[in-house]
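Enquirer: What follows is a single structure, and I will ask about it in a moment.
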Amino acid sequence: MTQSESSQSPAAVSKLETETHVDVHVLDEQSDFELDMDRYQRLAISVLTGEGVTQVSELSIMFVSLDSIAALNEQHMGHEGPTDVLAFPIDEYSTQSPSPAGSPLLLGDVIICPSVAADNCSTNKGSYPGHQGSLTDELDLLVVHGILHVLGMDHADDRERNQMQQREREHLIGFVGRNL
């Protein structure tokens with residue numbers, strides 16, 4: 001993906017409601033890279049439905065600048081400097097407990113910095129079959145990674161990390177195969 005000004009305004013929003021009533025809001029609040037908002041919306045819906053989210057739910061994905069992610073990282077994680085992805089779960093997700101009638105489950109927010117992702121592309125090349133080291137491949141990985149965090153997965157120990165990476169690979173391989 002080339003570095004250029006987006007043809008859409010930085011606050012461009014893409015929204016899609018599927019038959020599973022999963023709403024994914026994708027916002028582009030950065031101007032360093034032109035991004036395919038529809039792609040990340042389709043990927044998010046694929047991950048959510050693949051993880052069993054079928055109740056009325058909402059998720060937001062926001063692409064932000066280096067300064068924005070650095071501020072969020074310091075404010076919420078206590079870490080100085082930018083990072084590639086932050087995930088903020090809102091309502092606790094459970095496949096066993098639907099939300100009250102008429103009340104959507106607010107899954108949370110995934111915040112991604114394309115500038116940090118661009119720096120990590122070559123490092124993460126080959127991290128899943130199909131990751132060729134492009135910005136699109138890296139952003140795909142971060143979208144899936146962030147959503148799995150919102151749904152409660154973590155990588156604090158080897159077992160959790162292996163399980164999360166396996167789910168990432170499965171989602172990415174399935175999505176890339178359908179979107180060639």
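Going through the structure tokens in order, the chains are called A, B, and so on, while each chain numbers its residues from 1 and the ligands are numbered from 1 in the order shown.
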Write out as a ChimeraX atom specification the set of residues from segment 2-177 of chain A that DSSP, computed on the backbone, places in alpha helix (DSSP H).
Expert: /A:37-50,66-72,114-124,135-150,158-177
Enquirer: Would you list the contacts of Pro82 of chain A as a VMD selection string, taking every protein, DNA or RNA residue within 12 Å and counting only C-alpha atoms, but skipping same-chain residues closer than 4 positions in sequence?
Expert: chain A and resid 64 to 75 77 to 78 86 111 to 117 119
Enquirer: Using only C-alpha atoms for the distances, tell me which of A:Leu135, A:Val85, A:Leu35, A:Leu27 is nearest to Ala118 of chain A.
Expert: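 Smallest separation from Ala118 of chain A among the options: A:Leu135.
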Enquirer: If you take only C-alpha atoms and a cut-off of 8 Å, which residues of segment 24-110 of chain A touch segment 138-159 of chain A, and what are their nearest atom pairs and distances in Å to one decimal, in chain and number order, as CSV?
Expert:
residue,atom,partner,partner_atom,distance
A:Tyr40,CA,A:Asp140,CA,7.1
A:Leu43,CA,A:Asp140,CA,7.5
A:Ala44,CA,A:Val143,CA,6.9
A:Val47,CA,A:Val144,CA,6.8
A:Leu48,CA,A:Ile147,CA,7.7
A:Ile61,CA,A:Val143,CA,7.8
A:Asp84,CA,A:Leu142,CA,7.5
A:Val85,CA,A:Leu142,CA,6.4
A:Leu86,CA,A:Gly146,CA,6.6
A:Ala87,CA,A:Gly146,CA,5.3
A:Phe88,CA,A:Val150,CA,6.2
A:Pro89,CA,A:Val150,CA,4.6
A:Ile90,CA,A:Val150,CA,7.9
A:Glu92,CA,A:Leu151,CA,7.7
A:Tyr93,CA,A:Leu151,CA,5.9
A:Leu107,CA,A:Val150,CA,6.5
A:Gly108,CA,A:Val150,CA,6.2
A:Asp109,CA,A:Val150,CA,7.4
A:Val110,CA,A:Gly146,CA,5.6
Enquirer: Pull the strand (DSSP E or B) assignments for segment 67-144 of chain A out of DSSP run on the backbone, and list those residues as an MDAnalysis selection string.
Expert: chainID A and resid 85:89 105:112
Enquirer: Go ahead and write the residues just picked, C-alpha atoms, as a JSON list (two decimals), in the first residue's frame.
Expert:
[["chain", "number", "residue", "atom", "x", "y", "z"],
["A", 85, "VAL", "CA", -2.84, -1.90, 18.46],
["A", 86, "LEU", "CA", -4.89, -1.31, 21.58],
["A", 87, "ALA", "CA", -8.10, -3.12, 22.47],
["A", 88, "PHE", "CA", -10.72, -1.79, 24.85],
["A", 89, "PRO", "CA", -13.47, -4.30, 25.73],
["A", 105, "LEU", "CA", -23.81, -5.90, 23.24],
["A", 106, "LEU", "CA", -21.12, -3.23, 23.03],
["A", 107, "LEU", "CA", -18.06, -5.36, 22.37],
["A", 108, "GLY", "CA", -15.54, -2.54, 22.46],
["A", 109, "ASP", "CA", -13.01, -0.59, 20.47],
["A", 110, "VAL", "CA", -9.91, -1.65, 18.55],
["A", 111, "ILE", "CA", -7.46, 1.19, 17.93],
["A", 112, "ILE", "CA", -4.74, 0.63, 15.29]]
Enquirer: With a distance cut-off of 12 Å and only C-alpha atoms, select the neighbouring residues of segment 129-134 of chain A, excluding the residue or stretch itself and same-chain residues fewer than 4 positions from it, and output the selection as an NGL selection string.
Expert: :A and (1-2 or 114 or 117-125 or 138-142 or 166 or 168-177 or 179-180)
